[in-house]
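Worksheet: the structure to be examined is printed underneath.
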Amino acid sequence: GRLWAVVPAAGRGARFGGDVPKQYLDVAGEPLLAHALRALLAHPKVNGAVVVLADGDERWPGWAEFEGKPLRTCIGGDARADSVLAGLAALPDEVRADDFVLVHDAARPNLSAADLDQLLERGRGDPVGAILAAPVRDTLKRSGDDGGIDRTEPRERLWRALTPQLFRRLQLSRALEAARDAGIEITDESMAMERQGHRPLLVEGAEDNFKVTTPADLARFEFVLARRGL
Ligand code: CTP
Ligand code: MG
């Protein structure tokens, strides 16, 4: 099989704070990013991963494989989209231009096998690809500049974009390059694809496939592991 993943792990974790970038925080005896990698590579259809590291990263353990599957590394950029672009360029040659590639945050450790399976099953049947997403649960307010509420926005058909996201290698590179050349900051891969006129499929995933952004999120993941007896 030629299905590979790109795992951007080149961020600085500014919102998390502290000295160690969050992807390297020790959780249950291994760095946080190992949990994200395992969730991907444990799937029988995923054949390997490119881990995108920050320039000068001295914490990467040097793993050449994980879960018995090959790992590659490359150096990322200042914006997440630059890191993903670097990761796509570092995929092995066997991954062809129109092959699907998964992109998954290194800081999103609680992806379930069932959600990844659904994304692959349904996304590979779509011409463009697909993303995991969760429905918005809270009531949404639009504020004015003064902090007063102007109105309530209907939350029907509003979703929170998660990862992994599944797109074709070349189409995704082209879309990310186009966003970069237009000077537009994209916050997920799908946004770059949407700008190109594509209409990715939305696959509903679990609420608890959260990204570790703040220390409270890390506590949530530790709670999940403790409940599993780890
Ligand atoms: N990421 C990356 N390259 C960047 C920025 C982010 O590879 N230039 C990665 C992060 O390492 C993380 C994922 O993209 O795995 C999601 O980004 P985010 O949660 O925003 O992580 P950080 O950018 O590190 O955190 P912050 O925005 O708080 O600084
Ligand atoms: Mg960030």
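Chain lettering (A, B, ...) mirrors the order of the structure tokens, residue numbering begins at 1 for each chain separately, and ligand numbering begins at 1 in order of display.
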
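Here the residues within range 7-82 of chain A that DSSP labels strand (DSSP E or B) on the basis of the backbone are Val7, Pro8, Ala9, Asp26, Val27, Glu30, Pro31, Gly48, Ala49, Val50, Val51, Val52, Leu53, Glu65, Phe66, Lys69, Pro70, Leu71, Arg72, Thr73, Cys74 and Ile75 of chain A.
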
Expected selection as a PyMOL selection string for ligand 1 within 7 Å, only C-alpha atoms and all ligand atoms: chain A and resi 8-16+21-23+52-53+76-80+82-84+105-107+211-213

Go ahead and write the selection's residues with N, CA and C atoms as a short mmCIF file (atom, residue, chain, number, x, y, z; two decimals), in the first residue's frame.
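Listed below is the output, again02.cif:
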data_model
loop_
_atom_site.label_atom_id
_atom_site.label_comp_id
_atom_site.auth_asym_id
_atom_site.auth_seq_id
_atom_site.Cartn_x
_atom_site.Cartn_y
_atom_site.Cartn_z
N PRO A 8 2.68 17.00 11.41
CA PRO A 8 3.39 18.23 11.75
C PRO A 8 3.65 18.32 13.26
N ALA A 9 4.94 18.42 13.62
CA ALA A 9 5.36 18.48 15.03
C ALA A 9 6.41 19.56 15.20
N ALA A 10 6.28 20.64 14.42
CA ALA A 10 7.31 21.69 14.41
C ALA A 10 6.87 22.95 15.13
N GLY A 11 5.75 22.88 15.86
CA GLY A 11 5.25 24.07 16.55
C GLY A 11 6.01 24.35 17.84
N ARG A 12 5.82 25.55 18.36
CA ARG A 12 6.51 25.94 19.59
C ARG A 12 5.62 25.85 20.83
N GLY A 13 4.33 25.65 20.62
CA GLY A 13 3.44 25.49 21.76
C GLY A 13 3.30 26.73 22.62
N ALA A 14 3.18 27.89 21.99
CA ALA A 14 3.12 29.16 22.72
C ALA A 14 1.95 29.22 23.70
N ARG A 15 0.79 28.73 23.28
CA ARG A 15 -0.38 28.79 24.16
C ARG A 15 -0.26 27.84 25.33
N PHE A 16 0.50 26.77 25.16
CA PHE A 16 0.68 25.82 26.26
C PHE A 16 1.65 26.40 27.30
N PRO A 21 8.42 21.95 24.31
CA PRO A 21 7.28 22.03 23.37
C PRO A 21 6.30 20.88 23.66
N LYS A 22 5.02 21.18 23.61
CA LYS A 22 4.01 20.22 24.11
C LYS A 22 4.11 18.84 23.47
N GLN A 23 4.52 18.76 22.19
CA GLN A 23 4.59 17.45 21.54
C GLN A 23 5.61 16.52 22.20
N VAL A 52 7.32 16.04 10.94
CA VAL A 52 7.92 17.33 10.59
C VAL A 52 8.41 18.00 11.87
N LEU A 53 9.70 18.26 11.92
CA LEU A 53 10.34 18.78 13.14
C LEU A 53 10.75 20.24 12.99
N GLY A 76 10.35 21.67 9.37
CA GLY A 76 9.16 22.45 9.06
C GLY A 76 9.44 23.93 8.94
N GLY A 77 8.36 24.71 8.97
CA GLY A 77 8.49 26.15 8.80
C GLY A 77 7.79 26.92 9.91
N ASP A 78 7.68 28.24 9.72
CA ASP A 78 7.12 29.11 10.75
C ASP A 78 5.62 28.92 10.91
N ALA A 79 4.93 28.65 9.82
CA ALA A 79 3.49 28.41 9.88
C ALA A 79 3.21 26.92 9.69
N ARG A 80 2.11 26.48 10.27
CA ARG A 80 1.76 25.07 10.17
C ARG A 80 1.67 24.62 8.71
N ASP A 82 3.36 25.65 6.20
CA ASP A 82 4.72 25.44 5.67
C ASP A 82 5.27 24.09 6.13
N SER A 83 4.96 23.74 7.37
CA SER A 83 5.42 22.44 7.88
C SER A 83 4.77 21.30 7.12
N VAL A 84 3.47 21.41 6.85
CA VAL A 84 2.78 20.35 6.11
C VAL A 84 3.33 20.25 4.68
N ASP A 105 -2.25 16.14 13.41
CA ASP A 105 -1.48 16.92 14.39
C ASP A 105 -0.71 16.00 15.35
N ALA A 106 0.56 16.32 15.57
CA ALA A 106 1.34 15.60 16.57
C ALA A 106 0.76 15.80 17.97
N ALA A 107 0.04 16.88 18.16
CA ALA A 107 -0.50 17.22 19.47
C ALA A 107 -1.95 16.75 19.64
N LYS A 211 -7.25 18.30 20.46
CA LYS A 211 -5.86 18.72 20.35
C LYS A 211 -5.40 19.26 21.69
N VAL A 212 -4.18 18.93 22.07
CA VAL A 212 -3.61 19.49 23.30
C VAL A 212 -3.10 20.89 22.97
N THR A 213 -3.82 21.88 23.46
CA THR A 213 -3.44 23.28 23.23
C THR A 213 -2.99 23.94 24.53
#

Using only C-alpha atoms, which residues of range 21-107 of chain A come within 10 Å of range 118-139 of chain A, and what is the closest atom pair for each, with the distance in Å to one decimal? Give it as JSON lines, sorted by chain and residue number.
{"residue": "A:Lys45", "atom": "CA", "partner": "A:Leu120", "partner_atom": "CA", "distance": 8.7}
{"residue": "A:Val46", "atom": "CA", "partner": "A:Leu120", "partner_atom": "CA", "distance": 9.7}
{"residue": "A:Asp99", "atom": "CA", "partner": "A:Arg124", "partner_atom": "CA", "distance": 9.5}
{"residue": "A:Phe100", "atom": "CA", "partner": "A:Arg124", "partner_atom": "CA", "distance": 7.4}
{"residue": "A:Val101", "atom": "CA", "partner": "A:Gly129", "partner_atom": "CA", "distance": 9.3}
{"residue": "A:Leu102", "atom": "CA", "partner": "A:Leu120", "partner_atom": "CA", "distance": 8.9}
{"residue": "A:Val103", "atom": "CA", "partner": "A:Ile131", "partner_atom": "CA", "distance": 9.5}

Dump C-alpha atoms for the selected residues as a short mmCIF file (atom, residue, chain, number, x, y, z; two decimals), in the first residue's frame?
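The result, stored in again-v6.cif:
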data_model
loop_
_atom_site.label_atom_id
_atom_site.label_comp_id
_atom_site.auth_asym_id
_atom_site.auth_seq_id
_atom_site.Cartn_x
_atom_site.Cartn_y
_atom_site.Cartn_z
CA LYS A 45 -3.74 0.50 5.89
CA VAL A 46 -1.24 3.17 7.05
CA ASP A 99 -2.42 9.02 -3.79
CA PHE A 100 -4.24 10.03 -0.65
CA VAL A 101 -2.16 11.26 2.31
CA LEU A 102 -3.28 11.68 5.92
CA VAL A 103 -2.32 14.84 7.80
#

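The smallest atom-to-atom distance between ligand 2 and any of A:Ile186, A:Arg227, A:Pro44, A:Thr73, using only C-alpha atoms and all ligand atoms, is found for A:Ile186.
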
DSSP-assigned alpha helix (DSSP H) among range 2-226 of chain A, expressed as a PyMOL selection string: chain A and resi 32-41+80-89+113-123+169-181+189-195+215-226

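Around Leu85 in chain A, within 8 Å and counting only C-alpha atoms, the residues found are Ala81, Asp82, Ser83, Gly87, Leu88, Ala89, Ser173, Leu176 and Glu177 of chain A, once anything fewer than 2 positions away on its own chain is removed.
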
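When only C-alpha atoms and all ligand atoms are used to measure the gap to ligand 2, the shortest distance among A:Arg168, A:Pro200, A:Pro215, A:Asp188 belongs to A:Asp188.
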
Shell of 10 Å around Arg151 in chain A, only C-alpha atoms, local chain residues under 2 positions omitted, as number ranges by chain: A: 140-144, 148-149, 153-154

Requested write-out: N, CA and C atoms of the selected residues, as a PDB file, in the first residue's frame:
ATOM      1  N   LEU A 140     -23.809  29.836  19.839  1.00  0.00           N
ATOM      2  CA  LEU A 140     -22.791  30.740  19.297  1.00  0.00           C
ATOM      3  C   LEU A 140     -23.293  32.177  19.274  1.00  0.00           C
ATOM      4  N   LYS A 141     -22.488  33.093  19.792  1.00  0.00           N
ATOM      5  CA  LYS A 141     -22.834  34.521  19.828  1.00  0.00           C
ATOM      6  C   LYS A 141     -21.875  35.318  18.963  1.00  0.00           C
ATOM      7  N   ARG A 142     -22.410  36.280  18.222  1.00  0.00           N
ATOM      8  CA  ARG A 142     -21.587  37.241  17.478  1.00  0.00           C
ATOM      9  C   ARG A 142     -21.560  38.529  18.283  1.00  0.00           C
ATOM     10  N   SER A 143     -20.343  39.009  18.623  1.00  0.00           N
ATOM     11  CA  SER A 143     -20.250  40.225  19.432  1.00  0.00           C
ATOM     12  C   SER A 143     -19.909  41.424  18.564  1.00  0.00           C
ATOM     13  N   GLY A 144     -20.213  42.600  19.078  1.00  0.00           N
ATOM     14  CA  GLY A 144     -19.744  43.839  18.468  1.00  0.00           C
ATOM     15  C   GLY A 144     -18.393  44.204  19.068  1.00  0.00           C
ATOM     16  N   GLY A 148     -20.609  43.740  23.468  1.00  0.00           N
ATOM     17  CA  GLY A 148     -22.034  43.418  23.562  1.00  0.00           C
ATOM     18  C   GLY A 148     -22.409  42.383  22.510  1.00  0.00           C
ATOM     19  N   ILE A 149     -23.469  41.621  22.801  1.00  0.00           N
ATOM     20  CA  ILE A 149     -23.904  40.590  21.857  1.00  0.00           C
ATOM     21  C   ILE A 149     -24.801  41.201  20.790  1.00  0.00           C
ATOM     22  N   GLU A 153     -25.853  33.118  16.510  1.00  0.00           N
ATOM     23  CA  GLU A 153     -25.680  32.471  15.206  1.00  0.00           C
ATOM     24  C   GLU A 153     -26.243  31.052  15.280  1.00  0.00           C
ATOM     25  N   PRO A 154     -27.025  30.662  14.297  1.00  0.00           N
ATOM     26  CA  PRO A 154     -27.536  29.288  14.323  1.00  0.00           C
ATOM     27  C   PRO A 154     -26.377  28.296  14.209  1.00  0.00           C
TER      28      PRO A 154
END

Best match for closeness to ligand 2 among A:Ala175, A:Leu33, A:Val20, A:Thr187, counting only C-alpha atoms and all ligand atoms: A:Thr187

Residue nearest ligand 2 among A:Thr214, A:Leu230, A:His43, A:Ala182 (counting only C-alpha atoms and all ligand atoms): A:Thr214

For Pro70 in chain A: contacts at 9 Å, only C-alpha atoms, fewer than 4 positions along chain excluded, given as a list in words: Asn47, Gly48, Ala49, Val50, Trp63, Ala64, Glu65 and Phe66 of chain A

Produce a file of the selected residues containing N, CA and C atoms, as a compact mmCIF listing (two decimals), in the first residue's frame.
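part_3.txt was written with the following content:
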# COMPACT_ATOMS: atom_id res chain seq x y z
N ASN A 47 0.99 2.98 6.07
CA ASN A 47 2.25 2.29 5.82
C ASN A 47 3.48 2.99 6.39
N GLY A 48 3.36 4.27 6.76
CA GLY A 48 4.50 4.99 7.29
C GLY A 48 4.12 6.43 7.55
N ALA A 49 5.06 7.19 8.14
CA ALA A 49 4.75 8.59 8.45
C ALA A 49 5.99 9.46 8.29
N VAL A 50 5.75 10.70 7.86
CA VAL A 50 6.77 11.74 7.88
C VAL A 50 6.47 12.64 9.08
N TRP A 63 13.79 7.97 16.02
CA TRP A 63 13.15 6.72 15.60
C TRP A 63 13.14 6.60 14.07
N ALA A 64 13.60 5.45 13.57
CA ALA A 64 13.53 5.16 12.14
C ALA A 64 12.27 4.39 11.81
N GLU A 65 11.68 3.79 12.86
CA GLU A 65 10.37 3.15 12.66
C GLU A 65 9.55 3.21 13.94
N PHE A 66 8.27 2.91 13.79
CA PHE A 66 7.35 2.98 14.91
C PHE A 66 6.22 2.02 14.59

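Using only C-alpha atoms and all ligand atoms, the smallest distance between any of A:Glu30, A:Glu185, A:Glu67, A:Glu156 and ligand 2 comes from A:Glu185.
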